[in-house]
$ cat my_file-v3.txt   # compact mmCIF, C-alpha atoms
# COMPACT_ATOMS: atom_id res chain seq x y z
CA MET A 1 -137.14 55.11 -34.09
CA LYS A 2 -135.46 56.22 -30.86
CA GLN A 3 -133.21 54.35 -28.44
CA VAL A 4 -133.42 55.21 -24.73
CA LEU A 5 -130.99 54.37 -21.93
CA ILE A 6 -132.15 54.62 -18.32
CA ILE A 7 -129.60 54.77 -15.50
CA GLY A 8 -130.52 52.86 -12.34
CA GLY A 9 -131.94 49.53 -11.32
CA GLY A 10 -134.97 49.91 -9.07
CA ALA A 11 -138.74 50.00 -9.39
CA ARG A 12 -138.49 53.71 -10.26
CA GLU A 13 -136.41 52.75 -13.31
CA SER A 14 -138.88 49.98 -14.19
CA ALA A 15 -141.64 52.60 -14.19
CA LEU A 16 -139.54 54.95 -16.33
CA ALA A 17 -138.75 52.17 -18.80
CA LEU A 18 -142.43 51.36 -19.25
CA LYS A 19 -143.29 55.03 -19.68
CA PHE A 20 -140.71 55.49 -22.42
CA LYS A 21 -141.85 52.23 -24.05
CA GLN A 22 -145.34 53.73 -24.43
CA SER A 23 -144.00 56.45 -26.71
CA PRO A 24 -144.67 55.82 -30.41
CA GLN A 25 -141.23 57.31 -31.06
CA VAL A 26 -139.28 54.80 -28.93
CA ASP A 27 -138.13 51.48 -30.36
CA HIS A 28 -135.86 50.16 -27.62
CA VAL A 29 -135.26 50.80 -23.91
CA TYR A 30 -132.11 49.75 -22.06
CA VAL A 31 -131.58 50.01 -18.29
CA ALA A 32 -128.13 50.08 -16.69
CA PRO A 33 -127.56 48.20 -14.52
CA GLY A 34 -131.26 47.34 -14.24
CA ASN A 35 -132.12 43.93 -12.84
CA PRO A 36 -132.78 40.63 -14.63
CA ALA A 37 -136.54 40.69 -14.01
CA MET A 38 -136.88 43.86 -16.10
CA SER A 39 -136.67 41.61 -19.15
CA LEU A 40 -140.21 40.50 -18.25
CA LEU A 41 -141.31 44.06 -18.96
CA GLY A 42 -139.85 44.02 -22.46
CA VAL A 43 -136.78 46.14 -21.69
CA ASP A 44 -133.10 45.17 -21.70
CA PRO A 45 -131.07 45.29 -18.47
CA ILE A 46 -127.42 46.06 -19.23
CA ASN A 47 -124.72 44.84 -16.87
CA ILE A 48 -122.90 48.17 -16.48
CA ASP A 49 -122.57 49.83 -13.08
CA ASP A 50 -124.40 53.15 -12.90
CA ASN A 51 -121.22 54.86 -11.69
CA ASP A 52 -119.00 53.57 -14.52
CA PHE A 53 -119.40 56.64 -16.70
CA THR A 54 -116.79 55.58 -19.27
CA LYS A 55 -118.55 52.29 -20.05
CA LEU A 56 -121.97 53.96 -20.04
CA ILE A 57 -120.83 56.61 -22.51
CA ASP A 58 -119.22 53.92 -24.71
CA PHE A 59 -122.51 52.00 -24.66
CA ALA A 60 -124.50 55.13 -25.56
CA GLU A 61 -122.17 55.87 -28.48
CA THR A 62 -122.07 52.26 -29.74
CA HIS A 63 -125.85 51.79 -29.58
CA GLN A 64 -126.64 55.27 -30.90
CA ILE A 65 -128.69 56.17 -27.82
CA ASP A 66 -130.93 59.18 -28.49
CA LEU A 67 -131.67 59.94 -24.83
CA THR A 68 -130.22 58.89 -21.48
CA PHE A 69 -132.40 59.50 -18.41
CA VAL A 70 -130.86 59.31 -14.92
CA GLY A 71 -132.90 57.81 -12.10
CA PRO A 72 -130.80 57.63 -8.89
CA GLU A 73 -129.09 60.38 -6.94
CA VAL A 74 -125.61 58.84 -6.55
CA PRO A 75 -124.52 59.06 -10.22
CA LEU A 76 -126.03 62.57 -10.44
CA ALA A 77 -124.02 63.73 -7.43
CA ALA A 78 -120.92 62.10 -8.93
CA GLY A 79 -121.31 64.06 -12.18
CA ILE A 80 -122.75 61.63 -14.74
CA VAL A 81 -124.55 64.45 -16.56
CA ASP A 82 -121.35 66.49 -16.80
CA ALA A 83 -119.52 63.45 -18.22
CA PHE A 84 -122.19 62.72 -20.84
CA GLN A 85 -122.41 66.36 -21.85
CA ALA A 86 -118.62 66.52 -22.27
CA ALA A 87 -118.92 63.50 -24.60
CA ASP A 88 -121.74 65.24 -26.51
CA GLN A 89 -124.26 62.58 -25.50
CA PRO A 90 -127.87 63.75 -24.84
CA ILE A 91 -128.81 63.17 -21.21
CA PHE A 92 -131.60 64.37 -18.92
CA GLY A 93 -130.67 65.11 -15.32
CA VAL A 94 -129.01 67.74 -13.17
CA THR A 95 -125.30 68.50 -13.20
CA LYS A 96 -123.02 67.77 -10.25
CA LYS A 97 -123.25 71.42 -9.21
CA VAL A 98 -127.06 71.40 -9.10
CA ALA A 99 -127.13 67.98 -7.42
CA GLN A 100 -125.61 69.61 -4.33
CA LEU A 101 -129.14 70.71 -3.40
CA GLU A 102 -129.73 67.06 -2.56
CA ALA A 103 -126.22 65.81 -1.84
CA SER A 104 -125.54 68.43 0.86
CA LYS A 105 -128.23 69.35 3.36
CA THR A 106 -126.21 72.36 4.53
CA PHE A 107 -125.85 73.57 0.92
CA ALA A 108 -129.63 73.30 0.55
CA LYS A 109 -130.28 75.12 3.84
CA ASP A 110 -127.95 77.95 2.83
CA PHE A 111 -129.75 78.15 -0.53
CA MET A 112 -133.16 78.37 1.16
CA ALA A 113 -131.95 81.04 3.57
CA ARG A 114 -130.41 83.09 0.76
CA HIS A 115 -133.64 83.08 -1.23
CA GLN A 116 -136.01 83.39 1.75
CA LEU A 117 -137.69 80.07 1.13
CA PRO A 118 -139.74 78.80 4.08
CA THR A 119 -138.13 75.94 5.98
CA ALA A 120 -137.46 74.75 9.52
CA ALA A 121 -134.98 76.60 11.72
CA SER A 122 -131.73 74.68 12.01
CA LYS A 123 -128.19 74.57 13.35
CA THR A 124 -125.18 72.89 11.74
CA VAL A 125 -122.64 71.11 13.96
CA HIS A 126 -119.37 69.28 13.31
CA ASN A 127 -118.72 67.29 16.47
CA ALA A 128 -120.63 65.47 19.20
CA ILE A 129 -119.92 68.06 21.91
CA ASP A 130 -121.40 70.91 19.88
CA ALA A 131 -124.30 68.67 18.83
CA HIS A 132 -125.28 68.00 22.44
CA ALA A 133 -124.88 71.67 23.36
CA GLU A 134 -126.94 73.03 20.45
CA ALA A 135 -129.60 70.35 20.86
CA ALA A 136 -130.08 71.40 24.49
CA THR A 137 -130.98 74.93 23.34
CA MET A 138 -133.41 73.78 20.63
CA GLY A 139 -135.66 71.47 22.64
CA LEU A 140 -137.55 68.31 21.70
CA PRO A 141 -138.67 66.81 19.44
CA LEU A 142 -135.67 67.44 17.23
CA VAL A 143 -134.81 66.28 13.72
CA LEU A 144 -131.23 65.11 13.04
CA LYS A 145 -129.85 64.81 9.51
CA LYS A 146 -126.35 63.68 8.62
CA ASP A 147 -125.02 65.67 5.69
CA GLY A 148 -124.76 63.80 2.41
CA LEU A 149 -126.76 61.16 0.56
CA ALA A 150 -128.48 58.55 2.71
CA ALA A 151 -130.91 56.73 0.37
CA GLY A 152 -133.90 58.12 2.27
CA LYS A 153 -132.69 56.67 5.58
CA GLY A 154 -130.62 59.56 6.96
CA VAL A 155 -133.25 61.33 9.07
CA VAL A 156 -133.96 60.64 12.75
CA ILE A 157 -136.74 62.32 14.72
CA ALA A 158 -135.73 62.34 18.38
CA GLN A 159 -138.85 62.54 20.54
CA ASP A 160 -137.02 62.09 23.85
CA ALA A 161 -133.62 62.84 25.40
CA GLU A 162 -132.49 59.19 25.33
CA THR A 163 -133.10 58.87 21.57
CA LEU A 164 -131.44 62.23 20.98
CA ASP A 165 -128.26 61.27 22.87
CA GLU A 166 -128.08 57.83 21.24
CA THR A 167 -128.53 59.31 17.76
CA ILE A 168 -125.80 61.92 18.24
CA GLU A 169 -123.33 59.33 19.54
CA LYS A 170 -124.17 56.95 16.67
CA MET A 171 -123.78 59.66 14.01
CA TYR A 172 -120.34 60.61 15.36
CA ALA A 173 -119.10 57.11 16.18
CA ASP A 174 -117.37 56.50 12.84
CA HIS A 175 -116.77 60.12 11.80
CA PRO A 176 -115.99 62.39 14.78
CA ASP A 177 -115.99 65.49 12.55
CA ALA A 178 -119.17 64.69 10.56
CA THR A 179 -121.46 67.54 9.50
CA VAL A 180 -124.89 67.10 11.09
CA LEU A 181 -127.96 69.28 10.74
CA LEU A 182 -130.12 69.81 13.85
CA GLU A 183 -133.54 70.94 12.71
CA GLN A 184 -136.71 72.20 14.33
CA TYR A 185 -139.48 69.61 14.23
CA LEU A 186 -142.46 70.70 12.12
CA ALA A 187 -145.93 69.25 12.58
CA GLY A 188 -148.33 68.91 9.69
CA GLU A 189 -149.26 66.87 6.63
CA GLU A 190 -146.42 65.96 4.27
CA ALA A 191 -146.47 65.87 0.48
CA SER A 192 -144.01 65.57 -2.38
CA VAL A 193 -144.13 67.91 -5.37
CA MET A 194 -142.07 67.02 -8.42
CA ALA A 195 -141.33 69.09 -11.48
CA LEU A 196 -139.49 68.46 -14.73
CA PHE A 197 -137.58 71.59 -15.64
CA SER A 198 -135.23 73.24 -18.09
CA GLY A 199 -134.04 76.67 -16.99
CA GLU A 200 -137.23 78.46 -15.95
CA LYS A 201 -139.48 76.23 -18.06
CA ARG A 202 -141.21 73.51 -16.10
CA VAL A 203 -144.11 71.12 -15.80
CA ILE A 204 -145.31 70.30 -12.29
CA LEU A 205 -146.79 66.89 -11.55
CA PRO A 206 -149.64 66.21 -9.11
CA LEU A 207 -148.84 66.07 -5.41
CA SER A 208 -147.92 62.65 -4.08
CA GLN A 209 -147.25 61.20 -0.65
CA ASP A 210 -144.51 58.74 0.28
CA HIS A 211 -144.67 56.45 3.32
CA LYS A 212 -141.14 56.45 4.75
CA ARG A 213 -141.49 54.60 8.04
CA ARG A 214 -141.03 50.85 7.97
CA PHE A 215 -144.15 49.75 9.81
CA ALA A 216 -147.87 50.57 9.89
CA ASN A 217 -149.05 53.79 11.52
CA ASP A 218 -145.67 55.38 10.76
CA ARG A 219 -143.71 53.33 13.27
CA GLY A 220 -140.13 52.13 13.01
CA PRO A 221 -137.10 53.50 11.17
CA ASN A 222 -137.11 55.53 7.98
CA THR A 223 -136.68 53.52 4.80
CA GLY A 224 -136.26 54.26 1.10
CA GLY A 225 -140.06 54.27 0.86
CA MET A 226 -142.75 51.67 1.57
CA GLY A 227 -145.48 52.98 -0.73
CA ALA A 228 -147.09 56.06 -2.24
CA ILE A 229 -150.37 57.58 -3.38
CA SER A 230 -151.30 60.34 -5.82
CA PRO A 231 -153.01 62.70 -6.29
CA LEU A 232 -153.83 63.92 -2.77
CA PRO A 233 -157.45 65.03 -2.28
CA GLN A 234 -156.83 66.43 1.21
CA PHE A 235 -155.09 69.51 -0.21
CA ASN A 236 -157.21 72.30 -1.70
CA ASP A 237 -156.45 74.43 -4.74
CA ASP A 238 -154.83 77.16 -2.66
CA GLN A 239 -152.44 74.68 -1.04
CA VAL A 240 -151.52 73.16 -4.39
CA ALA A 241 -150.93 76.66 -5.78
CA ALA A 242 -148.68 77.45 -2.81
CA ALA A 243 -146.66 74.29 -3.51
CA HIS A 244 -146.28 75.34 -7.15
CA GLN A 245 -145.10 78.78 -6.03
CA LEU A 246 -142.29 77.13 -4.06
CA VAL A 247 -141.21 75.26 -7.19
CA ASP A 248 -141.09 78.52 -9.15
CA ALA A 249 -139.30 80.37 -6.33
CA THR A 250 -136.72 77.58 -6.18
CA LEU A 251 -136.16 77.71 -9.94
CA LYS A 252 -135.75 81.49 -9.73
CA GLY A 253 -133.20 81.08 -6.95
CA MET A 254 -131.33 78.45 -8.94
CA GLN A 255 -131.14 80.77 -11.92
CA ALA A 256 -129.82 83.58 -9.70
CA ASP A 257 -127.13 81.27 -8.29
CA GLY A 258 -126.05 79.88 -11.65
CA LEU A 259 -127.54 76.45 -10.87
CA ASP A 260 -128.97 76.06 -14.35
CA GLY A 261 -129.61 73.14 -16.66
CA GLN A 262 -132.42 70.63 -16.70
CA GLY A 263 -133.66 67.65 -14.74
CA VAL A 264 -136.15 66.68 -12.07
CA MET A 265 -136.81 68.68 -8.92
CA TYR A 266 -138.45 67.02 -5.94
CA ILE A 267 -139.48 69.18 -3.00
CA GLY A 268 -140.45 67.43 0.20
CA LEU A 269 -143.09 69.69 1.74
CA ILE A 270 -144.96 69.86 5.01
CA PHE A 271 -148.18 71.86 5.23
CA THR A 272 -148.06 73.58 8.62
CA PRO A 273 -150.56 76.04 10.15
CA ASP A 274 -148.18 78.75 8.83
CA GLY A 275 -148.31 77.41 5.27
CA PRO A 276 -146.11 74.94 3.37
CA LYS A 277 -142.46 74.65 4.34
CA ILE A 278 -139.62 72.86 2.56
CA LEU A 279 -138.28 69.79 4.33
CA GLU A 280 -135.73 68.83 1.69
CA TYR A 281 -134.75 68.90 -1.96
CA ASN A 282 -134.12 65.84 -4.09
CA MET A 283 -132.90 66.53 -7.61
CA ARG A 284 -134.39 63.44 -9.25
CA PHE A 285 -137.59 61.42 -9.26
CA GLY A 286 -138.53 59.88 -5.93
CA ASP A 287 -139.04 56.17 -5.39
CA PRO A 288 -141.84 55.06 -4.89
CA GLU A 289 -143.58 58.33 -5.91
CA THR A 290 -142.50 57.88 -9.53
CA GLN A 291 -144.55 54.70 -9.69
CA VAL A 292 -147.78 56.65 -9.03
CA LEU A 293 -146.87 59.81 -10.96
CA LEU A 294 -145.82 58.49 -14.37
CA PRO A 295 -149.09 56.60 -15.02
CA GLN A 296 -150.94 59.91 -14.68
CA ILE A 297 -149.09 61.40 -17.67
CA THR A 298 -151.11 60.65 -20.80
CA ASN A 299 -149.07 62.49 -23.45
CA ASP A 300 -145.82 61.26 -25.03
CA PHE A 301 -143.20 61.20 -22.27
CA TYR A 302 -140.29 60.97 -24.71
CA GLN A 303 -141.54 64.11 -26.46
CA LEU A 304 -141.98 65.88 -23.13
CA ILE A 305 -138.35 65.22 -22.17
CA SER A 306 -137.12 66.07 -25.69
CA ASP A 307 -138.90 69.43 -25.52
CA LEU A 308 -137.22 70.26 -22.23
CA LEU A 309 -133.79 69.27 -23.57
CA ALA A 310 -134.42 71.64 -26.50
CA ASN A 311 -135.50 74.35 -24.02
CA ARG A 312 -139.07 74.29 -25.34
CA GLN A 313 -142.09 74.52 -23.05
CA PRO A 314 -143.65 71.03 -23.10
CA SER A 315 -147.30 70.17 -22.74
CA LEU A 316 -148.57 68.04 -19.87
CA MET A 317 -151.77 66.02 -20.05
CA LEU A 318 -152.97 64.07 -17.01
CA SER A 319 -155.46 61.28 -16.46
CA ASP A 320 -158.34 61.58 -14.00
CA LYS A 321 -157.38 58.37 -12.19
CA ALA A 322 -155.83 57.99 -8.74
CA TYR A 323 -152.90 55.64 -8.15
CA ALA A 324 -151.50 53.65 -5.23
CA CYS A 325 -148.19 51.82 -4.89
CA PHE A 326 -147.29 49.13 -2.35
CA VAL A 327 -143.63 48.10 -1.92
CA ALA A 328 -142.65 44.52 -1.09
CA VAL A 329 -139.51 44.31 1.05
CA ASN A 330 -137.23 41.75 2.60
CA PRO A 331 -138.64 40.95 6.09
CA ALA A 332 -135.38 42.19 7.68
CA TYR A 333 -135.38 45.51 5.79
CA PRO A 334 -133.89 48.08 6.46
CA SER A 335 -131.41 45.99 8.48
CA GLY A 336 -128.08 45.28 6.85
CA ALA A 337 -128.48 41.49 7.33
CA LEU A 338 -130.80 40.56 4.46
CA LYS A 339 -131.14 36.85 3.72
CA THR A 340 -132.09 35.88 0.18
CA VAL A 341 -135.76 34.96 -0.08
CA PRO A 342 -137.87 33.64 -2.98
CA VAL A 343 -139.86 36.08 -5.12
CA ILE A 344 -143.19 35.24 -6.72
CA VAL A 345 -143.57 36.79 -10.16
CA PRO A 346 -147.20 37.35 -11.24
CA THR A 347 -148.13 35.45 -14.38
CA ASP A 348 -151.12 37.62 -15.31
CA SER A 349 -149.59 40.50 -17.27
CA PRO A 350 -147.08 42.00 -14.80
CA GLU A 351 -146.34 44.93 -17.11
CA GLY A 352 -147.52 48.19 -15.59
CA THR A 353 -148.66 46.67 -12.29
CA TRP A 354 -145.57 44.75 -11.14
CA LEU A 355 -142.31 46.72 -11.15
CA PRO A 356 -139.17 44.78 -10.17
CA ALA A 357 -136.38 46.34 -8.12
CA GLY A 358 -134.20 43.97 -6.05
CA VAL A 359 -134.99 40.82 -8.06
CA ALA A 360 -132.38 38.32 -9.27
CA LYS A 361 -132.44 35.00 -11.14
CA SER A 362 -131.12 31.79 -9.57
CA ASP A 363 -131.20 28.08 -10.30
CA HIS A 364 -134.34 27.92 -8.17
CA GLY A 365 -136.19 30.78 -9.87
CA TRP A 366 -136.55 34.42 -8.94
CA GLU A 367 -135.14 35.63 -5.63
CA SER A 368 -134.40 38.82 -3.71
CA HIS A 369 -131.06 40.59 -3.71
CA ALA A 370 -131.86 43.87 -1.94
CA GLY A 371 -134.09 45.43 0.70
CA ARG A 372 -136.89 46.66 -1.53
CA ILE A 373 -137.85 43.86 -3.93
CA PHE A 374 -140.69 45.11 -6.13
CA SER A 375 -143.56 47.60 -6.33
CA VAL A 376 -147.19 46.87 -7.14
CA VAL A 377 -149.17 49.76 -8.66
CA ALA A 378 -152.88 50.12 -9.35
CA GLY A 379 -155.05 52.92 -10.70
CA ALA A 380 -158.78 53.49 -10.25
CA GLU A 381 -161.43 56.19 -10.46
CA SER A 382 -160.99 56.97 -6.75
CA LEU A 383 -158.06 56.75 -4.34
CA PRO A 384 -159.78 54.24 -2.02
CA ASP A 385 -160.39 51.94 -4.99
CA ALA A 386 -156.78 52.32 -6.18
CA VAL A 387 -155.46 51.44 -2.71
CA LYS A 388 -157.78 48.43 -2.51
CA ALA A 389 -156.72 47.17 -5.94
CA ALA A 390 -153.00 47.53 -5.23
CA LYS A 391 -153.33 45.85 -1.84
CA THR A 392 -155.31 42.95 -3.33
CA ALA A 393 -152.65 42.45 -6.01
CA MET A 394 -149.90 42.53 -3.38
CA GLU A 395 -151.66 39.98 -1.17
CA LYS A 396 -151.59 37.48 -4.04
CA ILE A 397 -147.86 37.59 -4.67
CA GLN A 398 -145.92 38.86 -1.66
CA GLY A 399 -145.15 35.33 -0.40
CA VAL A 400 -142.62 35.60 2.45
CA LEU A 401 -141.94 39.25 1.65
CA ASP A 402 -143.31 41.98 3.88
CA TYR A 403 -145.19 45.17 3.06
CA ARG A 404 -147.13 47.93 4.79
CA THR A 405 -150.85 47.26 4.69
CA ASP A 406 -151.86 50.85 5.51
CA ILE A 407 -150.59 52.81 2.48
CA GLY A 408 -152.76 55.92 2.13
CA PHE A 409 -153.94 55.93 5.75
CA HIS A 410 -153.18 59.64 6.20
CA THR A 411 -155.68 60.45 3.49
CA LEU A 412 -158.20 57.65 3.83
$ encode --input "my_file-v3.txt" --output "structure tokens"
Amino acid sequence: MKQVLIIGGGARESALALKFKQSPQVDHVYVAPGNPAMSLLGVDPINIDDNDFTKLIDFAETHQIDLTFVGPEVPLAAGIVDAFQAADQPIFGVTKKVAQLEASKTFAKDFMARHQLPTAASKTVHNAIDAHAEAATMGLPLVLKKDGLAAGKGVVIAQDAETLDETIEKMYADHPDATVLLEQYLAGEEASVMALFSGEKRVILPLSQDHKRRFANDRGPNTGGMGAISPLPQFNDDQVAAAHQLVDATLKGMQADGLDGQGVMYIGLIFTPDGPKILEYNMRFGDPETQVLLPQITNDFYQLISDLLANRQPSLMLSDKAYACFVAVNPAYPSGALKTVPVIVPTDSPEGTWLPAGVAKSDHGWESHAGRIFSVVAGAESLPDAVKAAKTAMEKIQGVLDYRTDIGFHTL
């Protein structure tokens, strides 16, 4: 029987742990660092930081781990895959070189330009004076992205001159020479397309849709994600095929540039009147999209990943159900001042429906220790029924935590 180690500690990693647990080949699942509430799902959280590669490799060797799967972007960008590979430990994820497609927005833009992949027009600036000057030539609304990883919170859409000026000054306040991307605003319907790949071999998962803004009707700041739905009935077969073509064109470009290996590709798309355009690349599973994508996979997930690691074309079997995910957050999220609040853990079989993220144990019971606390996921024969079921489950247990009540509103 196989031993699996998952790197990360959020609801995405809870979903991955449950998916691997479903495999008849897998005996034990560890998550590092995980969170204490994952023990309620029948997996073992391991108190090792996800950026301590030496300790993680020692753990993998000592416990004879057959597969390590990386969830978050930070260890990928820091080279965890390179370190494991150098130690001859099997690991699924992109190398540090490939992770640049997510870690550097300018690297990604140059890649898209080089391979003629459709995306928004943009300018790169390195100081506030140039930012103001270039922004004046591009017009409003304008999208501003600080280069580097930002946990899903690094994008500002400036609709007016006041917001634009404030955003530029804020981005350059601490780092006067920061690299900032000024990007044309694109209007349309957004979707996420994720693929598991090895070289040119790939399986593409159904389209999903994240809800980034903090409050209902897409108001407030961007967050790490407040909920997700999948699949997306508003897109026809031609649009889905066009999204798949962008995955294949990206993989072809990666091969041409020597960005090879295996892992997860996530393309943030927007379907404009001129066709789909690429908003961004993430080189790992998204959170909370993972929570609605993995339940749709009905074949052995461990075997699927093993096939890709062996450079074999895997099979992909999908359920006919639709899924919705609601994310419970600290009421102050995404503010930096997050007071600890109590967390209600469902007693009626939380496995598969309740996925802990920022949950800790105290003398008083379970409590929060992050911005996003847990996800609630439900599946049903139709998307409206899935949304209704997930919302009903959330209403029972959110307590003092907050959540968006309108997940799926773009579609429904």
$ residues_near_point --input "my_file-v3.txt" --point "(-144.3, 33.5, -2.2)" --cutoff "12 Å" --atoms "all atoms listed in the file" --output "VMD selection string"
chain A and resid 328 330 341 to 346 365 to 368 394 to 402
$ atom_distance --input "my_file-v3.txt" --atom1 "CA of Val29 (chain A)" --atom2 "CA of Val43 (chain A)"
5.4 Å
$ residues_around --input "my_file-v3.txt" --residues "region 6-18 of chain A" --least-positions-apart "3" --cutoff "6 Å" --atoms "only C-alpha atoms" --output "VMD selection string"
chain A and resid 21 31 to 35 68 to 72 287 290 to 291 355 to 357
$ closest_atom_pairs --input "my_file-v3.txt" --of "region 194-274 of chain A" --to "region 92-110 of chain A" --cutoff "9 Å" --atoms "only C-alpha atoms" --output "JSON lines"
{"residue": "A:Met254", "atom": "CA", "partner": "A:Val98", "partner_atom": "CA", "distance": 8.2}
{"residue": "A:Gly258", "atom": "CA", "partner": "A:Val98", "partner_atom": "CA", "distance": 8.9}
{"residue": "A:Leu259", "atom": "CA", "partner": "A:Val98", "partner_atom": "CA", "distance": 5.4}
{"residue": "A:Asp260", "atom": "CA", "partner": "A:Val98", "partner_atom": "CA", "distance": 7.3}
{"residue": "A:Gly261", "atom": "CA", "partner": "A:Val94", "partner_atom": "CA", "distance": 6.5}
{"residue": "A:Gln262", "atom": "CA", "partner": "A:Val94", "partner_atom": "CA", "distance": 5.7}
{"residue": "A:Gly263", "atom": "CA", "partner": "A:Gly93", "partner_atom": "CA", "distance": 4.0}
{"residue": "A:Val264", "atom": "CA", "partner": "A:Gly93", "partner_atom": "CA", "distance": 6.6}
{"residue": "A:Met265", "atom": "CA", "partner": "A:Val94", "partner_atom": "CA", "distance": 8.9}
$ write_last_selection --input "my_file-v3.txt" --atoms "C-alpha atoms" --output "PDB file, keeping the file's coordinate frame"
ATOM      1  CA  MET A 254    -131.330  78.450  -8.940  1.00  0.00           C
ATOM      2  CA  GLY A 258    -126.050  79.880 -11.650  1.00  0.00           C
ATOM      3  CA  LEU A 259    -127.540  76.450 -10.870  1.00  0.00           C
ATOM      4  CA  ASP A 260    -128.970  76.060 -14.350  1.00  0.00           C
ATOM      5  CA  GLY A 261    -129.610  73.140 -16.660  1.00  0.00           C
ATOM      6  CA  GLN A 262    -132.420  70.630 -16.700  1.00  0.00           C
ATOM      7  CA  GLY A 263    -133.660  67.650 -14.740  1.00  0.00           C
ATOM      8  CA  VAL A 264    -136.150  66.680 -12.070  1.00  0.00           C
ATOM      9  CA  MET A 265    -136.810  68.680  -8.920  1.00  0.00           C
TER      10      MET A 265
END
$ atom_distance --input "my_file-v3.txt" --atom1 "CA of Gly268 (chain A)" --atom2 "CA of Asn282 (chain A)"
7.8 Å
$ residues_near_point --input "my_file-v3.txt" --point "(-157.3, 56.1, 5.8)" --cutoff "12 Å" --atoms "all atoms listed in the file" --output "PyMOL selection string"
chain A and resi 216-217+229+234+383-385+387-388+405-412
$ residues_around --input "my_file-v3.txt" --residues "Gln3 (chain A)" --least-positions-apart "4" --cutoff "10 Å" --atoms "all atoms listed in the file" --output "NGL selection string"
:A and (20-21 or 25-30 or 60 or 63-68)
$ atom_distance --input "my_file-v3.txt" --atom1 "CA of Phe235 (chain A)" --atom2 "CA of Pro314 (chain A)"
25.6 Å
$ closest_residue --input "my_file-v3.txt" --among "A:Ala87, A:Ala389, A:Leu56, A:Leu338" --to "Leu5 (chain A)" --atoms "only C-alpha atoms"
A:Leu56
$ residues_around --input "my_file-v3.txt" --residues "Gln296 (chain A)" --least-positions-apart "5" --cutoff "9 Å" --atoms "only C-alpha atoms" --output "mmCIF file with C-alpha atoms, keeping the file's coordinate frame"
data_model
loop_
_atom_site.group_PDB
_atom_site.id
_atom_site.type_symbol
_atom_site.label_atom_id
_atom_site.label_comp_id
_atom_site.auth_asym_id
_atom_site.auth_seq_id
_atom_site.Cartn_x
_atom_site.Cartn_y
_atom_site.Cartn_z
ATOM 1 C CA LEU A 205 -146.790 66.890 -11.550
ATOM 2 C CA PRO A 206 -149.640 66.210 -9.110
ATOM 3 C CA SER A 230 -151.300 60.340 -5.820
ATOM 4 C CA MET A 317 -151.770 66.020 -20.050
ATOM 5 C CA LEU A 318 -152.970 64.070 -17.010
ATOM 6 C CA SER A 319 -155.460 61.280 -16.460
ATOM 7 C CA ASP A 320 -158.340 61.580 -14.000
ATOM 8 C CA LYS A 321 -157.380 58.370 -12.190
ATOM 9 C CA ALA A 322 -155.830 57.990 -8.740
ATOM 10 C CA TYR A 323 -152.900 55.640 -8.150
#
$ residues_around --input "my_file-v3.txt" --residues "Thr353 (chain A)" --least-positions-apart "4" --cutoff "10 Å" --atoms "all atoms listed in the file" --output "NGL selection string"
:A and (15 or 291 or 325 or 346 or 348-349 or 375-379 or 390 or 393-394)
$ axis_aligned_box --input "my_file-v3.txt" --around "region 185-192 of chain A" --padding-each-side "4 Å" --output "JSON"
{"center_x": -144.4, "center_y": 68.1, "center_z": 5.9, "size_x": 17.8, "size_y": 13.1, "size_z": 24.6}
$ closest_residue --input "my_file-v3.txt" --among "A:Ala113, A:Leu279, A:Leu304, A:Ile46" --to "Val203 (chain A)" --atoms "all atoms listed in the file"
A:Leu304
$ closest_residue --input "my_file-v3.txt" --among "A:Asp147, A:Glu289, A:Asp82, A:Asp248" --to "Ala324 (chain A)" --atoms "all atoms listed in the file"
A:Glu289
$ residues_around --input "my_file-v3.txt" --residues "Asp238 (chain A)" --least-positions-apart "6" --cutoff "12 Å" --atoms "all atoms listed in the file" --output "number ranges by chain"
A: 244-245, 271, 275-276
$ closest_residue --input "my_file-v3.txt" --among "A:Thr347, A:Thr54, A:Ser39, A:Ser23" --to "Lys361 (chain A)" --atoms "all atoms listed in the file"
A:Ser39
$ closest_residue --input "my_file-v3.txt" --among "A:Phe111, A:Phe197, A:Phe53, A:Phe59" --to "Leu308 (chain A)" --atoms "all atoms listed in the file"
A:Phe197
